[in-house]
>>> print(open('protein.txt').read())   # compact mmCIF, C-alpha atoms
# COMPACT_ATOMS: atom_id res chain seq x y z
CA MET A 1 96.03 -49.09 7.90
CA SER A 2 92.88 -51.19 8.34
CA SER A 3 89.64 -50.69 6.44
CA PRO A 4 86.60 -49.16 8.16
CA ALA A 5 84.21 -51.85 9.44
CA ALA A 6 81.40 -50.23 7.42
CA LEU A 7 83.02 -51.59 4.25
CA ASP A 8 81.96 -55.10 5.35
CA TRP A 9 78.30 -54.19 5.01
CA SER A 10 76.13 -53.53 1.97
CA ALA A 11 74.59 -50.10 1.46
CA ASP A 12 72.02 -51.41 -1.06
CA ASN A 13 69.09 -51.13 1.38
CA CYS A 14 70.27 -47.91 3.06
CA THR A 15 67.31 -45.89 4.33
CA ILE A 16 69.25 -42.63 3.90
CA GLY A 17 69.63 -43.42 0.20
CA ARG A 18 65.96 -44.35 -0.06
CA THR A 19 64.96 -41.11 1.66
CA LEU A 20 67.13 -39.05 -0.68
CA ASP A 21 65.59 -40.86 -3.67
CA LEU A 22 62.23 -39.50 -2.53
CA ILE A 23 63.00 -36.04 -1.13
CA GLY A 24 66.65 -35.38 -1.89
CA ASP A 25 66.39 -32.89 -4.71
CA ARG A 26 66.21 -29.12 -4.28
CA TRP A 27 62.71 -28.71 -5.71
CA THR A 28 61.13 -31.33 -3.46
CA PHE A 29 62.55 -29.74 -0.35
CA LEU A 30 61.35 -26.31 -1.44
CA VAL A 31 57.85 -27.73 -1.88
CA LEU A 32 58.01 -29.25 1.60
CA ARG A 33 59.32 -25.98 3.07
CA GLU A 34 56.34 -24.10 1.66
CA VAL A 35 53.75 -26.68 2.69
CA PHE A 36 55.17 -26.61 6.22
CA ASN A 37 54.73 -22.82 6.09
CA GLY A 38 51.06 -23.15 5.13
CA ILE A 39 51.35 -22.68 1.35
CA ARG A 40 49.25 -25.53 0.00
CA ARG A 41 47.88 -24.50 -3.38
CA PHE A 42 49.57 -25.18 -6.70
CA ASP A 43 49.50 -21.58 -8.00
CA ASP A 44 50.82 -20.25 -4.68
CA LEU A 45 53.60 -22.85 -4.73
CA THR A 46 54.66 -21.79 -8.23
CA VAL A 47 54.81 -18.12 -7.18
CA ARG A 48 56.65 -18.80 -3.93
CA THR A 49 59.22 -21.26 -5.30
CA ALA A 50 59.58 -20.33 -9.01
CA ILE A 51 59.51 -24.05 -9.78
CA PRO A 52 58.50 -24.75 -13.39
CA ARG A 53 54.90 -26.02 -13.48
CA THR A 54 55.82 -29.39 -14.97
CA VAL A 55 58.48 -29.96 -12.30
CA LEU A 56 56.10 -28.92 -9.53
CA THR A 57 53.42 -31.26 -10.87
CA ASP A 58 55.94 -34.13 -10.83
CA ARG A 59 57.19 -33.39 -7.30
CA LEU A 60 53.67 -33.08 -5.89
CA ARG A 61 52.65 -36.35 -7.56
CA ARG A 62 55.69 -38.14 -6.13
CA LEU A 63 55.03 -36.80 -2.63
CA VAL A 64 51.35 -37.80 -2.81
CA ASP A 65 52.21 -41.26 -4.20
CA ALA A 66 54.71 -41.75 -1.36
CA GLY A 67 52.15 -40.72 1.28
CA VAL A 68 54.04 -37.59 2.36
CA LEU A 69 51.28 -35.27 1.13
CA ARG A 70 47.58 -35.80 0.56
CA LYS A 71 45.24 -33.93 -1.76
CA GLU A 72 42.36 -32.02 -0.23
CA PRO A 73 39.65 -30.47 -2.41
CA TYR A 74 38.75 -26.80 -2.04
CA ARG A 75 36.59 -24.41 -4.00
CA GLU A 76 36.67 -20.64 -4.12
CA PRO A 77 33.21 -19.10 -4.65
CA GLY A 78 32.39 -18.97 -8.37
CA THR A 79 35.26 -21.23 -9.45
CA ARG A 80 35.73 -24.91 -10.16
CA SER A 81 36.86 -27.34 -7.48
CA ARG A 82 40.64 -27.63 -7.12
CA MET A 83 43.12 -29.45 -4.91
CA GLU A 84 45.48 -28.29 -2.22
CA TYR A 85 48.24 -30.32 -0.64
CA ARG A 86 48.44 -31.15 3.05
CA LEU A 87 51.02 -33.01 5.07
CA THR A 88 50.26 -36.52 6.27
CA GLU A 89 51.74 -37.95 9.47
CA LYS A 90 54.56 -39.30 7.32
CA GLY A 91 55.11 -35.78 5.98
CA LEU A 92 54.96 -34.17 9.42
CA ASP A 93 57.70 -36.54 10.55
CA LEU A 94 60.03 -34.73 8.11
CA TYR A 95 59.85 -31.52 10.14
CA PRO A 96 62.98 -32.25 12.21
CA VAL A 97 64.84 -32.90 8.94
CA LEU A 98 63.80 -29.48 7.64
CA LEU A 99 64.82 -27.86 10.93
CA ALA A 100 68.19 -29.64 10.83
CA LEU A 101 68.87 -28.30 7.32
CA GLN A 102 67.85 -24.83 8.39
CA THR A 103 70.00 -24.97 11.53
CA TRP A 104 73.03 -25.92 9.45
CA GLY A 105 72.22 -23.26 6.84
CA ASP A 106 71.77 -20.58 9.51
CA ARG A 107 75.16 -21.45 10.94
CA TYR A 108 77.11 -21.50 7.69
CA LEU A 109 75.11 -19.75 4.94
CA ALA A 110 72.93 -17.02 6.49
CA ASP A 111 73.21 -13.36 5.56
CA PRO A 112 75.31 -11.23 7.93
CA GLU A 113 72.10 -9.97 9.58
CA GLY A 114 71.09 -13.51 10.49
CA ALA A 115 68.45 -16.05 9.53
CA PRO A 116 65.42 -15.01 7.47
CA ILE A 117 63.06 -17.10 9.65
CA GLU A 118 63.10 -18.38 13.19
CA PHE A 119 61.04 -21.22 14.61
CA ALA A 120 59.51 -20.78 18.05
CA HIS A 121 57.59 -22.92 20.52
CA ARG A 122 53.93 -21.87 20.34
CA GLY A 123 53.59 -22.35 24.09
CA CYS A 124 56.33 -20.02 25.31
CA GLU A 125 57.79 -18.32 22.20
CA ALA A 126 61.33 -19.65 22.88
CA LYS A 127 63.39 -20.60 19.82
CA VAL A 128 63.23 -24.26 18.84
CA GLN A 129 66.46 -26.28 18.98
CA LEU A 130 67.22 -29.76 17.76
CA VAL A 131 68.75 -32.07 20.33
CA MET A 132 70.41 -35.46 19.88
CA ARG A 133 69.37 -37.90 22.59
CA CYS A 134 69.80 -41.66 22.96
CA GLU A 135 66.95 -44.00 23.95
CA ALA A 136 68.26 -44.00 27.53
CA GLY A 137 67.72 -40.22 27.70
CA HIS A 138 71.34 -39.03 27.51
CA GLU A 139 71.73 -35.77 25.62
CA LEU A 140 74.61 -36.03 23.16
CA LYS A 141 76.61 -32.82 22.84
CA ARG A 142 79.08 -34.00 20.22
CA VAL A 143 78.61 -35.87 16.94
CA ARG A 144 81.64 -37.97 17.89
CA ASP A 145 79.55 -39.45 20.73
CA VAL A 146 77.50 -41.32 18.10
CA THR A 147 78.59 -44.43 16.23
CA GLY A 148 77.03 -46.50 13.48
CA ARG A 149 76.55 -50.24 13.86
CA PRO A 150 74.79 -52.95 11.85
CA GLY A 151 71.02 -52.90 12.32
CA PRO A 152 68.42 -55.64 11.99
CA SER A 153 68.34 -55.56 8.17
CA ALA A 154 72.10 -55.20 7.68
CA ARG A 155 73.49 -57.43 4.96
CA ARG A 156 77.08 -58.47 4.50
CA ARG A 157 78.61 -56.99 1.37
CA VAL A 158 79.21 -59.46 -1.41
CA ALA A 159 82.64 -58.92 -2.93
>>> encode(input="protein.txt", output="structure tokens")
Amino acid sequence: MSSPAALDWSADNCTIGRTLDLIGDRWTFLVLREVFNGIRRFDDLTVRTAIPRTVLTDRLRRLVDAGVLRKEPYREPGTRSRMEYRLTEKGLDLYPVLLALQTWGDRYLADPEGAPIEFAHRGCEAKVQLVMRCEAGHELKRVRDVTGRPGPSARRRVA
């Protein structure tokens, strides 16, 4: 039996690994879920997610430092100025990732009654679906229609 060709290439600069280093833990994704749903203030995030305050502070700092979120000042009448967290373009680009996780979870982990939330197109109210498509415009129906190959920054693995 021959070895998979992928073993010839290093995974040291893998962008999937780098992405998971930034957003791959449960707490970070819960923060992103809530910010995508319009929950932007620290106290609201703690209530909604039950994340310990120190952990939430760390995750928000990491997301701001990475440019996924930005701080925006706000002030309720009669109170001191505080910060809320808003998605940057970099953060908004994570939306399909969140939808992909939810699609998988709805298929395999939802309650018998179905999903707790659905996402709809604002223009027509139809449910949103993720679609795999190549640059040439072909819609890919099966995962087996996709293959990995070395990209521009691929490096040969050093034995």
>>> closest_residue(input="protein.txt", among="A:Leu94, A:Ala100, A:Ala115, A:Ala110", to="A:Gln129", atoms="only C-alpha atoms")
A:Ala100
>>> atom_distance(input="protein.txt", atom1="atom CA of A:Arg157", atom2="atom CA of A:Trp9")
4.6 Å
>>> residues_around(input="protein.txt", residues="A:Ala6", least_positions_apart="3", cutoff="10 Å", atoms="only C-alpha atoms", output="VMD selection string")
chain A and resid 3 9 to 11 148 to 150 156 to 157
>>> closest_residue(input="protein.txt", among="A:Ala154, A:Asp65, A:Arg53, A:Arg33", to="A:Gln102", atoms="only C-alpha atoms")
A:Arg33
>>> closest_residue(input="protein.txt", among="A:Phe29, A:Arg61, A:Lys71, A:Val146", to="A:Leu99", atoms="all atoms listed in the file")
A:Phe29
>>> closest_atom_pairs(input="protein.txt", of="stretch 78-104 of chain A", to="stretch 40-44 of chain A", cutoff="9 Å", atoms="all atoms listed in the file", output="JSON lines")
{"residue": "A:Arg82", "atom": "CA", "partner": "A:Arg41", "partner_atom": "CA", "distance": 8.7}
{"residue": "A:Met83", "atom": "CA", "partner": "A:Arg41", "partner_atom": "CA", "distance": 7.0}
{"residue": "A:Glu84", "atom": "CA", "partner": "A:Arg41", "partner_atom": "CA", "distance": 4.6}
{"residue": "A:Tyr85", "atom": "CA", "partner": "A:Arg40", "partner_atom": "CA", "distance": 4.9}
{"residue": "A:Arg86", "atom": "CA", "partner": "A:Arg40", "partner_atom": "CA", "distance": 6.4}
>>> write_last_selection(input="protein.txt", atoms="C-alpha atoms", output="JSON list (two decimals), in the coordinates of the input")
[["chain", "number", "residue", "atom", "x", "y", "z"],
["A", 82, "ARG", "CA", 40.64, -27.63, -7.12],
["A", 83, "MET", "CA", 43.12, -29.45, -4.91],
["A", 84, "GLU", "CA", 45.48, -28.29, -2.22],
["A", 85, "TYR", "CA", 48.24, -30.32, -0.64],
["A", 86, "ARG", "CA", 48.44, -31.15, 3.05]]
>>> atom_distance(input="protein.txt", atom1="atom CA of A:Val31", atom2="atom CA of A:Cys124")
28.3 Å
>>> atom_distance(input="protein.txt", atom1="atom CA of A:Ile51", atom2="atom CA of A:Leu63")
15.3 Å
>>> axis_aligned_box(input="protein.txt", around="stretch 89-103 of chain A", padding_each_side="6 Å", output="lines of an AutoDock Vina configuration file")
center_x = 60.9
center_y = -32.1
center_z = 9.1
size_x = 30.3
size_y = 26.5
size_z = 18.2
>>> closest_residue(input="protein.txt", among="A:Met1, A:Leu32, A:Met132, A:Leu69", to="A:Leu98", atoms="all atoms listed in the file")
A:Leu32
>>> residues_near_point(input="protein.txt", point="(62.0, -27.4, -0.8)", cutoff="12 Å", atoms="only C-alpha atoms", output="PDB file with C-alpha atoms, keeping the file's coordinate frame")
ATOM      1  CA  ILE A  23      63.000 -36.040  -1.130  1.00  0.00           C
ATOM      2  CA  GLY A  24      66.650 -35.380  -1.890  1.00  0.00           C
ATOM      3  CA  ASP A  25      66.390 -32.890  -4.710  1.00  0.00           C
ATOM      4  CA  ARG A  26      66.210 -29.120  -4.280  1.00  0.00           C
ATOM      5  CA  TRP A  27      62.710 -28.710  -5.710  1.00  0.00           C
ATOM      6  CA  THR A  28      61.130 -31.330  -3.460  1.00  0.00           C
ATOM      7  CA  PHE A  29      62.550 -29.740  -0.350  1.00  0.00           C
ATOM      8  CA  LEU A  30      61.350 -26.310  -1.440  1.00  0.00           C
ATOM      9  CA  VAL A  31      57.850 -27.730  -1.880  1.00  0.00           C
ATOM     10  CA  LEU A  32      58.010 -29.250   1.600  1.00  0.00           C
ATOM     11  CA  ARG A  33      59.320 -25.980   3.070  1.00  0.00           C
ATOM     12  CA  GLU A  34      56.340 -24.100   1.660  1.00  0.00           C
ATOM     13  CA  VAL A  35      53.750 -26.680   2.690  1.00  0.00           C
ATOM     14  CA  PHE A  36      55.170 -26.610   6.220  1.00  0.00           C
ATOM     15  CA  ASN A  37      54.730 -22.820   6.090  1.00  0.00           C
ATOM     16  CA  ILE A  39      51.350 -22.680   1.350  1.00  0.00           C
ATOM     17  CA  LEU A  45      53.600 -22.850  -4.730  1.00  0.00           C
ATOM     18  CA  THR A  46      54.660 -21.790  -8.230  1.00  0.00           C
ATOM     19  CA  ARG A  48      56.650 -18.800  -3.930  1.00  0.00           C
ATOM     20  CA  THR A  49      59.220 -21.260  -5.300  1.00  0.00           C
ATOM     21  CA  ALA A  50      59.580 -20.330  -9.010  1.00  0.00           C
ATOM     22  CA  ILE A  51      59.510 -24.050  -9.780  1.00  0.00           C
ATOM     23  CA  LEU A  56      56.100 -28.920  -9.530  1.00  0.00           C
ATOM     24  CA  ARG A  59      57.190 -33.390  -7.300  1.00  0.00           C
ATOM     25  CA  LEU A  60      53.670 -33.080  -5.890  1.00  0.00           C
ATOM     26  CA  LEU A  63      55.030 -36.800  -2.630  1.00  0.00           C
ATOM     27  CA  LEU A  94      60.030 -34.730   8.110  1.00  0.00           C
ATOM     28  CA  TYR A  95      59.850 -31.520  10.140  1.00  0.00           C
ATOM     29  CA  VAL A  97      64.840 -32.900   8.940  1.00  0.00           C
ATOM     30  CA  LEU A  98      63.800 -29.480   7.640  1.00  0.00           C
ATOM     31  CA  LEU A 101      68.870 -28.300   7.320  1.00  0.00           C
ATOM     32  CA  GLN A 102      67.850 -24.830   8.390  1.00  0.00           C
TER      33      GLN A 102
END
>>> residues_near_point(input="protein.txt", point="(66.6, -31.8, 21.7)", cutoff="12 Å", atoms="all atoms listed in the file", output="ChimeraX atom specification")
/A:96,99-100,127-134,137-141
>>> residues_around(input="protein.txt", residues="A:Ala66", least_positions_apart="6", cutoff="10 Å", atoms="only C-alpha atoms", output="ChimeraX atom specification")
/A:22,60,90-91
>>> decode(input="protein.txt", residues="stretch 31-43 of chain A", atoms="all heavy atoms", output="PDB file, in the first residue's frame")
ATOM      1  N   VAL A  31     -18.726  33.231  21.470  1.00  0.00           N
ATOM      2  CA  VAL A  31     -18.665  34.694  21.397  1.00  0.00           C
ATOM      3  C   VAL A  31     -19.035  35.143  19.982  1.00  0.00           C
ATOM      4  O   VAL A  31     -19.872  36.037  19.791  1.00  0.00           O
ATOM      5  CB  VAL A  31     -17.267  35.209  21.794  1.00  0.00           C
ATOM      6  CG1 VAL A  31     -17.113  36.693  21.450  1.00  0.00           C
ATOM      7  CG2 VAL A  31     -17.004  34.967  23.269  1.00  0.00           C
ATOM      8  N   LEU A  32     -18.439  34.525  18.984  1.00  0.00           N
ATOM      9  CA  LEU A  32     -18.745  34.898  17.596  1.00  0.00           C
ATOM     10  C   LEU A  32     -20.218  34.666  17.272  1.00  0.00           C
ATOM     11  O   LEU A  32     -20.857  35.503  16.627  1.00  0.00           O
ATOM     12  CB  LEU A  32     -17.848  34.128  16.633  1.00  0.00           C
ATOM     13  CG  LEU A  32     -16.384  34.538  16.644  1.00  0.00           C
ATOM     14  CD1 LEU A  32     -15.544  33.568  15.835  1.00  0.00           C
ATOM     15  CD2 LEU A  32     -16.218  35.964  16.135  1.00  0.00           C
ATOM     16  N   ARG A  33     -20.771  33.551  17.711  1.00  0.00           N
ATOM     17  CA  ARG A  33     -22.195  33.269  17.483  1.00  0.00           C
ATOM     18  C   ARG A  33     -23.050  34.423  18.003  1.00  0.00           C
ATOM     19  O   ARG A  33     -23.943  34.912  17.320  1.00  0.00           O
ATOM     20  CB  ARG A  33     -22.593  31.966  18.176  1.00  0.00           C
ATOM     21  CG  ARG A  33     -24.075  31.633  18.076  1.00  0.00           C
ATOM     22  CD  ARG A  33     -24.477  30.534  19.038  1.00  0.00           C
ATOM     23  NE  ARG A  33     -24.428  31.023  20.417  1.00  0.00           N
ATOM     24  CZ  ARG A  33     -24.545  30.236  21.485  1.00  0.00           C
ATOM     25  NH1 ARG A  33     -24.679  28.938  21.345  1.00  0.00           N
ATOM     26  NH2 ARG A  33     -24.495  30.760  22.691  1.00  0.00           N
ATOM     27  N   GLU A  34     -22.752  34.865  19.214  1.00  0.00           N
ATOM     28  CA  GLU A  34     -23.567  35.915  19.825  1.00  0.00           C
ATOM     29  C   GLU A  34     -23.376  37.259  19.134  1.00  0.00           C
ATOM     30  O   GLU A  34     -24.341  37.992  18.920  1.00  0.00           O
ATOM     31  CB  GLU A  34     -23.257  36.023  21.318  1.00  0.00           C
ATOM     32  CG  GLU A  34     -23.640  34.783  22.090  1.00  0.00           C
ATOM     33  CD  GLU A  34     -25.065  34.315  21.834  1.00  0.00           C
ATOM     34  OE1 GLU A  34     -25.973  35.160  21.679  1.00  0.00           O
ATOM     35  OE2 GLU A  34     -25.283  33.092  21.790  1.00  0.00           O
ATOM     36  N   VAL A  35     -22.140  37.589  18.772  1.00  0.00           N
ATOM     37  CA  VAL A  35     -21.909  38.862  18.089  1.00  0.00           C
ATOM     38  C   VAL A  35     -22.610  38.852  16.728  1.00  0.00           C
ATOM     39  O   VAL A  35     -23.219  39.851  16.332  1.00  0.00           O
ATOM     40  CB  VAL A  35     -20.400  39.170  17.974  1.00  0.00           C
ATOM     41  CG1 VAL A  35     -20.157  40.437  17.152  1.00  0.00           C
ATOM     42  CG2 VAL A  35     -19.780  39.326  19.357  1.00  0.00           C
ATOM     43  N   PHE A  36     -22.583  37.725  16.034  1.00  0.00           N
ATOM     44  CA  PHE A  36     -23.328  37.619  14.777  1.00  0.00           C
ATOM     45  C   PHE A  36     -24.821  37.802  15.008  1.00  0.00           C
ATOM     46  O   PHE A  36     -25.530  38.281  14.139  1.00  0.00           O
ATOM     47  CB  PHE A  36     -23.073  36.270  14.091  1.00  0.00           C
ATOM     48  CG  PHE A  36     -21.858  36.256  13.214  1.00  0.00           C
ATOM     49  CD1 PHE A  36     -20.776  35.467  13.531  1.00  0.00           C
ATOM     50  CD2 PHE A  36     -21.794  37.025  12.063  1.00  0.00           C
ATOM     51  CE1 PHE A  36     -19.648  35.441  12.721  1.00  0.00           C
ATOM     52  CE2 PHE A  36     -20.679  37.013  11.250  1.00  0.00           C
ATOM     53  CZ  PHE A  36     -19.597  36.216  11.580  1.00  0.00           C
ATOM     54  N   ASN A  37     -25.311  37.427  16.175  1.00  0.00           N
ATOM     55  CA  ASN A  37     -26.734  37.578  16.492  1.00  0.00           C
ATOM     56  C   ASN A  37     -27.062  38.929  17.123  1.00  0.00           C
ATOM     57  O   ASN A  37     -28.161  39.129  17.634  1.00  0.00           O
ATOM     58  CB  ASN A  37     -27.198  36.441  17.408  1.00  0.00           C
ATOM     59  CG  ASN A  37     -27.386  35.155  16.631  1.00  0.00           C
ATOM     60  OD1 ASN A  37     -27.879  35.152  15.515  1.00  0.00           O
ATOM     61  ND2 ASN A  37     -26.979  34.052  17.225  1.00  0.00           N
ATOM     62  N   GLY A  38     -26.106  39.852  17.130  1.00  0.00           N
ATOM     63  CA  GLY A  38     -26.363  41.207  17.588  1.00  0.00           C
ATOM     64  C   GLY A  38     -26.089  41.461  19.060  1.00  0.00           C
ATOM     65  O   GLY A  38     -26.385  42.537  19.571  1.00  0.00           O
ATOM     66  N   ILE A  39     -25.524  40.494  19.763  1.00  0.00           N
ATOM     67  CA  ILE A  39     -25.178  40.677  21.177  1.00  0.00           C
ATOM     68  C   ILE A  39     -23.732  41.150  21.211  1.00  0.00           C
ATOM     69  O   ILE A  39     -22.833  40.398  20.874  1.00  0.00           O
ATOM     70  CB  ILE A  39     -25.395  39.377  21.966  1.00  0.00           C
ATOM     71  CG1 ILE A  39     -26.802  38.957  21.719  1.00  0.00           C
ATOM     72  CG2 ILE A  39     -24.981  39.551  23.415  1.00  0.00           C
ATOM     73  CD1 ILE A  39     -27.571  38.247  22.658  1.00  0.00           C
ATOM     74  N   ARG A  40     -23.540  42.403  21.598  1.00  0.00           N
ATOM     75  CA  ARG A  40     -22.227  43.033  21.440  1.00  0.00           C
ATOM     76  C   ARG A  40     -21.607  43.519  22.739  1.00  0.00           C
ATOM     77  O   ARG A  40     -20.466  43.937  22.748  1.00  0.00           O
ATOM     78  CB  ARG A  40     -22.351  44.214  20.491  1.00  0.00           C
ATOM     79  CG  ARG A  40     -22.818  43.828  19.121  1.00  0.00           C
ATOM     80  CD  ARG A  40     -22.902  45.045  18.224  1.00  0.00           C
ATOM     81  NE  ARG A  40     -23.425  44.669  16.934  1.00  0.00           N
ATOM     82  CZ  ARG A  40     -24.677  44.879  16.558  1.00  0.00           C
ATOM     83  NH1 ARG A  40     -25.519  45.481  17.360  1.00  0.00           N
ATOM     84  NH2 ARG A  40     -25.076  44.502  15.371  1.00  0.00           N
ATOM     85  N   ARG A  41     -22.358  43.524  23.807  1.00  0.00           N
ATOM     86  CA  ARG A  41     -21.863  44.097  25.059  1.00  0.00           C
ATOM     87  C   ARG A  41     -21.423  43.009  26.016  1.00  0.00           C
ATOM     88  O   ARG A  41     -22.030  41.946  26.101  1.00  0.00           O
ATOM     89  CB  ARG A  41     -22.944  44.979  25.679  1.00  0.00           C
ATOM     90  CG  ARG A  41     -23.250  46.147  24.763  1.00  0.00           C
ATOM     91  CD  ARG A  41     -24.320  47.034  25.283  1.00  0.00           C
ATOM     92  NE  ARG A  41     -24.523  48.139  24.345  1.00  0.00           N
ATOM     93  CZ  ARG A  41     -25.417  49.078  24.507  1.00  0.00           C
ATOM     94  NH1 ARG A  41     -26.213  49.076  25.567  1.00  0.00           N
ATOM     95  NH2 ARG A  41     -25.535  50.034  23.608  1.00  0.00           N
ATOM     96  N   PHE A  42     -20.344  43.305  26.746  1.00  0.00           N
ATOM     97  CA  PHE A  42     -19.707  42.336  27.623  1.00  0.00           C
ATOM     98  C   PHE A  42     -20.702  41.672  28.577  1.00  0.00           C
ATOM     99  O   PHE A  42     -20.764  40.437  28.657  1.00  0.00           O
ATOM    100  CB  PHE A  42     -18.587  43.028  28.420  1.00  0.00           C
ATOM    101  CG  PHE A  42     -17.754  42.079  29.222  1.00  0.00           C
ATOM    102  CD1 PHE A  42     -16.625  41.507  28.679  1.00  0.00           C
ATOM    103  CD2 PHE A  42     -18.099  41.746  30.526  1.00  0.00           C
ATOM    104  CE1 PHE A  42     -15.840  40.623  29.421  1.00  0.00           C
ATOM    105  CE2 PHE A  42     -17.334  40.869  31.277  1.00  0.00           C
ATOM    106  CZ  PHE A  42     -16.197  40.304  30.715  1.00  0.00           C
ATOM    107  N   ASP A  43     -21.481  42.466  29.313  1.00  0.00           N
ATOM    108  CA  ASP A  43     -22.420  41.893  30.283  1.00  0.00           C
ATOM    109  C   ASP A  43     -23.456  41.003  29.610  1.00  0.00           C
ATOM    110  O   ASP A  43     -23.828  39.951  30.132  1.00  0.00           O
ATOM    111  CB  ASP A  43     -23.102  42.988  31.102  1.00  0.00           C
ATOM    112  CG  ASP A  43     -22.138  43.653  32.077  1.00  0.00           C
ATOM    113  OD1 ASP A  43     -21.099  43.036  32.409  1.00  0.00           O
ATOM    114  OD2 ASP A  43     -22.429  44.778  32.504  1.00  0.00           O
TER     115      ASP A  43
END
